[in-house]
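*Asks:* Before I ask anything, let me first share the structure, which is written out below as structure tokens.
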Amino acid sequence: MALVNEHYLKLKAGYLFPEIGRRVKAFTEANPQAKVIRLGIGDVTCPLPPAIIKAFQDAVEEMATEKSFMGYGPEQGYEFLINTIIEKSYQPLGVELKASEVFISDGSKCDCANILDIFALENVVAIGDPVYPVYNDTNVMIGRTGEANEQGYYKGLVYLPCTEANGFNPAFPDQEVDIIYLCFPNNPTGAVATREQLKGWVDYALQHNAVIFFDAAYEAFITDPTIPHSIYEIEGAKKCAIEFRSFSKTAGFTGVRCALTVVPEELTAHTAAGEPIQLNKLWNRRQSTKFNGVSYPVQKAAAAVYSDEGWPQVKEIIDYYMENARIIRTGLAEAGITVYGGVNAPYIWLKTPNTMSSWEFFDKLLTECNVVGTPGSGFGPSGEGFFRLSAFCNRDNVIEAVERIKRNLK
């Protein structure tokens, strides 16, 4: 008799975004005339820039002849992309990395989950609240937790509330933890961490022999020059942190799939007997066994992101989305709504009006404004009473959505 992984059954509710999709589908089928504007899931809308498309097409053409055809590539990624990332993205920050420390993958969502393969279940894990659901749910799936309580907190995880009172930057855990998820610029709140705040987390991790999982998927959207783009800008971080980055939102690769994870060689964890083990070697072994690498044309396209032609084109699209964020933030504030984020991140985190619940506000926006957003409670109990809007949308639709919201909330 085949048995299921019963830890999946602890996930009482459906994953957040499929539930949003279900509700939107039901509404549009019942109201086919409605023009629904989607500011919810955060998928990009701008096409890939010309320099990236050319590199992509050229690489595909290489696959058409025996002389230039590429088969299996290195599971860790091609050196041409890894070296480009180090030179163009990290060295300008004053961060020096070895090629062996950068691993190319098909998505930071995958890596944030798969990284758990190399850590023991006995580790105590701390995550923010609200938080990107993947952090929470994948720890449930592998069996690290007990059941969820009435609030939605799972026994065995340490939750770090991110609230208005603390500027959506969590306080240090009040108990010993081994792994800490941090996401800055934050999804969903749009909050960022200062250099001093990140130094506090690095110091904490070094003091407690903990490992930080630092999700920097939105670092390219930082506009404040004083805000770090990488945790490795903080002294000592290579001894305590793994960093995840993605091309999905930065360069519009949501449908192309490419990301990277940095695992410094000096970062170690321990066996039960206390022996230090290089996490870089374990992650390399994991990827070599369970992953066949990102396709050659995709990696050539990713390298073009940093080319002399590519980066200005990519930056123009990033600026476009950030102008969308400004329009949303300003418009909602004019409507009397309390808003956060949208300055160094493409997400706007708003307080639901009139003490409405997150899902009540979702339904109101959908049915009265025909606008889709993301209920804050879907990111964790501390997200209740808040709502996330995404700047990844066509400009005309953003302007229209803001006007609809302003009209209906008067």
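Following the order of the structure tokens, chains are lettered A, B, ..., residues in each are numbered from 1, and ligands are numbered from 1.
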Which residues are close to A:Tyr78, i.e. within 10 Å by only C-alpha atoms, leaving aside same-chain residues fewer than 4 positions away? Reply as a PyMOL selection string.

*Replies:* chain A and resi 73-74+82-83+99+103-104+293-296+299-300

*Asks:* Just the selected residues (C-alpha atoms), exported as a PDB file, in the first residue's frame, please.

*Replies:*
```
ATOM      1  CA  GLY A  73      25.638  21.893 -19.203  1.00  0.00           C
ATOM      2  CA  PRO A  74      27.159  22.153 -15.715  1.00  0.00           C
ATOM      3  CA  ILE A  82      28.521  33.152 -13.176  1.00  0.00           C
ATOM      4  CA  ASN A  83      31.556  35.334 -13.896  1.00  0.00           C
ATOM      5  CA  ALA A  99      32.782  31.220  -9.182  1.00  0.00           C
ATOM      6  CA  PHE A 103      24.849  28.421  -8.407  1.00  0.00           C
ATOM      7  CA  ILE A 104      22.489  29.112 -11.320  1.00  0.00           C
ATOM      8  CA  GLY A 293      20.963  22.918 -14.863  1.00  0.00           C
ATOM      9  CA  VAL A 294      19.303  25.845 -16.623  1.00  0.00           C
ATOM     10  CA  SER A 295      19.190  25.650 -20.421  1.00  0.00           C
ATOM     11  CA  TYR A 296      22.006  27.205 -22.417  1.00  0.00           C
ATOM     12  CA  GLN A 299      21.727  31.458 -19.462  1.00  0.00           C
ATOM     13  CA  LYS A 300      22.942  33.372 -22.528  1.00  0.00           C
TER      14      LYS A 300
END
```

*Asks:* Residues of stretch 335-372 of chain A within 7 Å of stretch 387-396 of chain A: nearest atom pair and distance (Å, one decimal) for each, counting only C-alpha atoms, sorted by chain and number, as CSV?

*Replies:*
```
residue,atom,partner,partner_atom,distance
A:Pro346,CA,A:Ala391,CA,5.3
A:Tyr347,CA,A:Ser390,CA,4.8
A:Ile348,CA,A:Leu389,CA,5.2
A:Trp349,CA,A:Arg388,CA,4.7
A:Leu350,CA,A:Phe387,CA,5.2
A:Lys351,CA,A:Phe387,CA,6.4
A:Thr352,CA,A:Phe387,CA,6.5
A:Ser358,CA,A:Phe387,CA,6.1
```

*Asks:* Just write the chosen residues, N, CA and C atoms, as a short mmCIF file (atom, residue, chain, number, x, y, z; two decimals), in the first residue's frame.

*Replies:*
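So the final result, stored in result.cif, reads:
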```cif
data_model
loop_
_atom_site.label_atom_id
_atom_site.label_comp_id
_atom_site.auth_asym_id
_atom_site.auth_seq_id
_atom_site.Cartn_x
_atom_site.Cartn_y
_atom_site.Cartn_z
N PRO A 346 8.60 46.85 -5.52
CA PRO A 346 7.47 46.98 -6.44
C PRO A 346 6.13 46.63 -5.82
N TYR A 347 6.10 46.48 -4.49
CA TYR A 347 4.87 46.14 -3.82
C TYR A 347 4.41 47.26 -2.90
N ILE A 348 3.09 47.48 -2.88
CA ILE A 348 2.48 48.45 -2.00
C ILE A 348 1.68 47.67 -0.95
N TRP A 349 1.93 47.97 0.30
CA TRP A 349 1.31 47.27 1.43
C TRP A 349 0.36 48.28 2.08
N LEU A 350 -0.94 48.05 1.96
CA LEU A 350 -1.90 49.04 2.44
C LEU A 350 -2.73 48.48 3.57
N LYS A 351 -3.17 49.39 4.40
CA LYS A 351 -4.03 49.02 5.52
C LYS A 351 -5.48 49.04 5.04
N THR A 352 -6.18 47.94 5.26
CA THR A 352 -7.56 47.88 4.78
C THR A 352 -8.41 48.90 5.52
N SER A 358 -8.85 41.15 5.39
CA SER A 358 -8.11 41.13 4.13
C SER A 358 -8.94 40.53 2.99
#
```

*Asks:* Taking only residues of stretch 289-385 of chain A that have an atom at most 10 Å from an atom of stretch 121-141 of chain A, what is each one's shortest atom pair and its distance in Å to one decimal, using only C-alpha atoms, in chain and number order, as a tab-separated table?

*Replies:*
```
residue	atom	partner	partner_atom	distance
A:Gly376	CA	A:Pro130	CA	7.4
A:Ser377	CA	A:Pro130	CA	7.6
A:Gly378	CA	A:Pro133	CA	7.6
A:Phe379	CA	A:Pro130	CA	4.7
A:Gly380	CA	A:Pro130	CA	4.5
A:Pro381	CA	A:Pro130	CA	6.7
A:Ser382	CA	A:Pro130	CA	5.4
A:Gly383	CA	A:Pro130	CA	5.0
A:Glu384	CA	A:Pro130	CA	8.6
```

*Asks:* For the residues in that selection, give me N, CA and C atoms as a short mmCIF file (atom, residue, chain, number, x, y, z; two decimals), in the first residue's frame.

*Replies:*
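As written to disk, part_34.cif reads:
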```cif
data_model
loop_
_atom_site.label_atom_id
_atom_site.label_comp_id
_atom_site.auth_asym_id
_atom_site.auth_seq_id
_atom_site.Cartn_x
_atom_site.Cartn_y
_atom_site.Cartn_z
N GLY A 376 -3.61 40.33 2.76
CA GLY A 376 -2.46 40.24 3.64
C GLY A 376 -2.45 39.01 4.51
N SER A 377 -3.63 38.52 4.90
CA SER A 377 -3.69 37.35 5.76
C SER A 377 -3.15 36.11 5.07
N GLY A 378 -3.10 36.13 3.73
CA GLY A 378 -2.53 35.00 3.01
C GLY A 378 -1.04 34.86 3.22
N PHE A 379 -0.40 35.91 3.74
CA PHE A 379 1.03 35.89 4.02
C PHE A 379 1.33 35.57 5.48
N GLY A 380 0.29 35.38 6.28
CA GLY A 380 0.49 35.08 7.69
C GLY A 380 -0.47 35.86 8.55
N PRO A 381 -0.71 35.39 9.79
CA PRO A 381 -1.67 36.05 10.67
C PRO A 381 -1.42 37.53 10.89
N SER A 382 -0.16 37.96 10.95
CA SER A 382 0.12 39.38 11.16
C SER A 382 -0.19 40.22 9.93
N GLY A 383 -0.49 39.56 8.82
CA GLY A 383 -0.89 40.29 7.62
C GLY A 383 -2.36 40.62 7.58
N GLU A 384 -3.12 40.10 8.54
CA GLU A 384 -4.55 40.41 8.58
C GLU A 384 -4.76 41.91 8.76
#
```

*Asks:* Give me, please, the distance in Å between atom CA of A:Phe213 and atom CA of A:Ile242, quoted to one decimal.

*Replies:*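 For atom CA of A:Phe213 relative to atom CA of A:Ile242, the distance reads 5.1 Å.
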
*Asks:* Taking 3 positions as the minimum chain separation for residues in the same chain, which residues sit within 12 Å of stretch 169-171 of chain A when counting only C-alpha atoms? Answer as a count of residues only.

*Replies:* 37

*Asks:* Need the shell around stretch 89-91 of chain A: protein/DNA/RNA residues with any atom at most 9 Å away, counting only C-alpha atoms. Skip same-chain ones fewer than 5 positions apart. Format as a compact mmCIF listing (two decimals) with C-alpha atoms, in the first residue's frame?

*Replies:*
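Just written: out.txt:
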```
# COMPACT_ATOMS: atom_id res chain seq x y z
CA THR A 84 29.34 38.03 -15.40
CA GLU A 96 34.10 39.45 -3.95
CA LEU A 97 32.82 35.94 -4.69
CA SER A 230 23.30 42.13 -0.75
CA TYR A 232 27.41 40.19 1.82
CA TYR A 306 24.35 42.83 -17.71
```

*Asks:* Please provide as a PDB file with N, CA and C atoms, in the first residue's frame all residues within 12 Å of A:Asn5, with the sequence filter that same-chain residues fewer than 4 positions apart are discarded (counting only C-alpha atoms).

*Replies:*
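Full text of around.pdb as output:
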```
ATOM      1  N   LEU A   9      -0.929  17.294   4.370  1.00  0.00           N
ATOM      2  CA  LEU A   9      -2.306  17.417   4.842  1.00  0.00           C
ATOM      3  C   LEU A   9      -2.446  18.453   5.945  1.00  0.00           C
ATOM      4  N   LYS A  10      -1.322  18.889   6.502  1.00  0.00           N
ATOM      5  CA  LYS A  10      -1.361  19.949   7.512  1.00  0.00           C
ATOM      6  C   LYS A  10      -1.665  21.307   6.885  1.00  0.00           C
ATOM      7  N   LEU A  11      -1.438  21.420   5.576  1.00  0.00           N
ATOM      8  CA  LEU A  11      -1.681  22.686   4.880  1.00  0.00           C
ATOM      9  C   LEU A  11      -3.184  22.815   4.660  1.00  0.00           C
ATOM     10  N   VAL A 140       6.607  23.071   6.410  1.00  0.00           N
ATOM     11  CA  VAL A 140       5.524  22.168   6.793  1.00  0.00           C
ATOM     12  C   VAL A 140       5.616  20.885   5.975  1.00  0.00           C
ATOM     13  N   MET A 141       5.811  21.014   4.683  1.00  0.00           N
ATOM     14  CA  MET A 141       5.814  19.867   3.766  1.00  0.00           C
ATOM     15  C   MET A 141       6.894  18.837   4.098  1.00  0.00           C
ATOM     16  N   ILE A 142       8.057  19.303   4.558  1.00  0.00           N
ATOM     17  CA  ILE A 142       9.147  18.352   4.822  1.00  0.00           C
ATOM     18  C   ILE A 142       9.046  17.724   6.205  1.00  0.00           C
ATOM     19  N   GLY A 143       8.089  18.204   7.026  1.00  0.00           N
ATOM     20  CA  GLY A 143       7.872  17.565   8.315  1.00  0.00           C
ATOM     21  C   GLY A 143       8.508  18.239   9.505  1.00  0.00           C
TER      22      GLY A 143
END
```

*Asks:* Identify all residues of stretch 181-230 of chain A in strand (DSSP E) (DSSP on the backbone) and supply them as a ChimeraX atom specification.

*Replies:* /A:181-183,211-215

*Asks:* Go ahead and write the selection's residues with C-alpha atoms as a PDB file, in the first residue's frame.

*Replies:*
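The file below, again-v7.pdb, is the result:
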```pdb
ATOM      1  CA  TYR A 181      14.579  33.620   6.719  1.00  0.00           C
ATOM      2  CA  LEU A 182      14.998  37.290   5.810  1.00  0.00           C
ATOM      3  CA  CYS A 183      13.552  38.953   2.701  1.00  0.00           C
ATOM      4  CA  VAL A 211      22.323  30.478   9.210  1.00  0.00           C
ATOM      5  CA  ILE A 212      20.451  33.291   7.459  1.00  0.00           C
ATOM      6  CA  PHE A 213      18.502  32.551   4.274  1.00  0.00           C
ATOM      7  CA  PHE A 214      18.550  35.986   2.627  1.00  0.00           C
ATOM      8  CA  ASP A 215      16.009  36.404  -0.170  1.00  0.00           C
TER       9      ASP A 215
END
```

*Asks:* Between A:Arg285, A:Lys88, A:Arg144, A:Arg245, which has the minimum distance to A:Ser307 (counting only C-alpha atoms)?

*Replies:* A:Lys88

*Asks:* Compile the contact shell of A:Gln287 as a list of chain:residue names: residues with an atom at most 12 Å away, counting only C-alpha atoms, same-chain residues fewer than 3 positions apart removed.

*Replies:*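 So, after excluding close chain neighbours, the residues are A:Pro74, A:Glu75, A:Gln76, A:Gly77, A:Val102, A:Phe103, A:Ile104, A:Ser105, A:Asp106, A:Cys110, A:Asp111, A:Asn114, A:Ile115, A:Asp117, A:Ile118, A:Thr261, A:Asn280, A:Lys281, A:Leu282, A:Trp283, A:Asn284, A:Lys290, A:Phe291, A:Asn292, A:Gly293, A:Val294.
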
*Asks:* Just give me the gap between atom CA of A:Asp203 and atom CA of A:Pro225 in Å, one decimal is fine.

*Replies:* 22.7 Å

*Asks:* Find the spatial neighbours of A:Gly373, counting only C-alpha atoms, within a cut-off of 10 Å - ignore same-chain residues fewer than 5 positions away - and output them as a count of residues only.

*Replies:* 18

*Asks:* Just asking: which residues within stretch 72-198 of chain A are helix (DSSP H, G or I) according to DSSP, as an MDAnalysis selection string?

*Replies:* chainID A and resid 79:93 99:101 108:118 133:141 195:198

*Asks:* Using C-alpha atoms, can you export the residues from the last selection as a compact mmCIF listing (two decimals), in the first residue's frame?

*Replies:*
```txt
# COMPACT_ATOMS: atom_id res chain seq x y z
CA GLU A 79 31.03 30.08 -16.12
CA PHE A 80 30.23 32.85 -18.60
CA LEU A 81 27.06 33.70 -16.64
CA ILE A 82 28.52 33.15 -13.18
CA ASN A 83 31.56 35.33 -13.90
CA THR A 84 29.34 38.03 -15.40
CA ILE A 85 27.14 38.08 -12.29
CA ILE A 86 30.15 38.36 -10.00
CA GLU A 87 31.71 41.15 -12.07
CA LYS A 88 28.61 43.18 -12.85
CA SER A 89 26.34 42.62 -9.88
CA TYR A 90 28.52 41.90 -6.85
CA GLN A 91 31.90 43.56 -7.38
CA PRO A 92 30.33 47.06 -7.70
CA LEU A 93 28.97 46.48 -4.18
CA ALA A 99 32.78 31.22 -9.18
CA SER A 100 32.34 28.06 -7.12
CA GLU A 101 30.10 29.98 -4.70
CA SER A 108 14.64 31.47 -6.27
CA LYS A 109 11.25 30.08 -5.21
CA CYS A 110 12.64 26.61 -5.94
CA ASP A 111 15.93 27.32 -4.20
CA CYS A 112 14.29 28.73 -1.07
CA ALA A 113 12.50 25.40 -0.78
CA ASN A 114 15.22 23.05 -2.02
CA ILE A 115 17.87 24.49 0.30
CA LEU A 116 16.09 22.67 3.12
CA ASP A 117 17.42 19.39 1.68
CA ILE A 118 20.85 20.03 3.19
CA PRO A 133 4.22 31.65 1.81
CA VAL A 134 6.90 29.38 0.33
CA TYR A 135 9.09 29.73 3.44
CA ASN A 136 6.31 28.58 5.74
CA ASP A 137 4.71 25.92 3.56
CA THR A 138 7.88 24.10 2.50
CA ASN A 139 8.93 23.69 6.11
CA VAL A 140 5.52 22.17 6.79
CA MET A 141 5.81 19.87 3.77
CA ARG A 195 22.89 48.51 6.84
CA GLU A 196 22.67 48.75 10.63
CA GLN A 197 19.67 46.43 10.77
CA LEU A 198 21.34 43.83 8.57
```

*Asks:* Quick check, in Å to one decimal: how far apart do atom CA of A:Glu323 and atom CA of A:Phe168 lie?

*Replies:*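 Atom CA of A:Glu323 sits 22.7 Å away from atom CA of A:Phe168.
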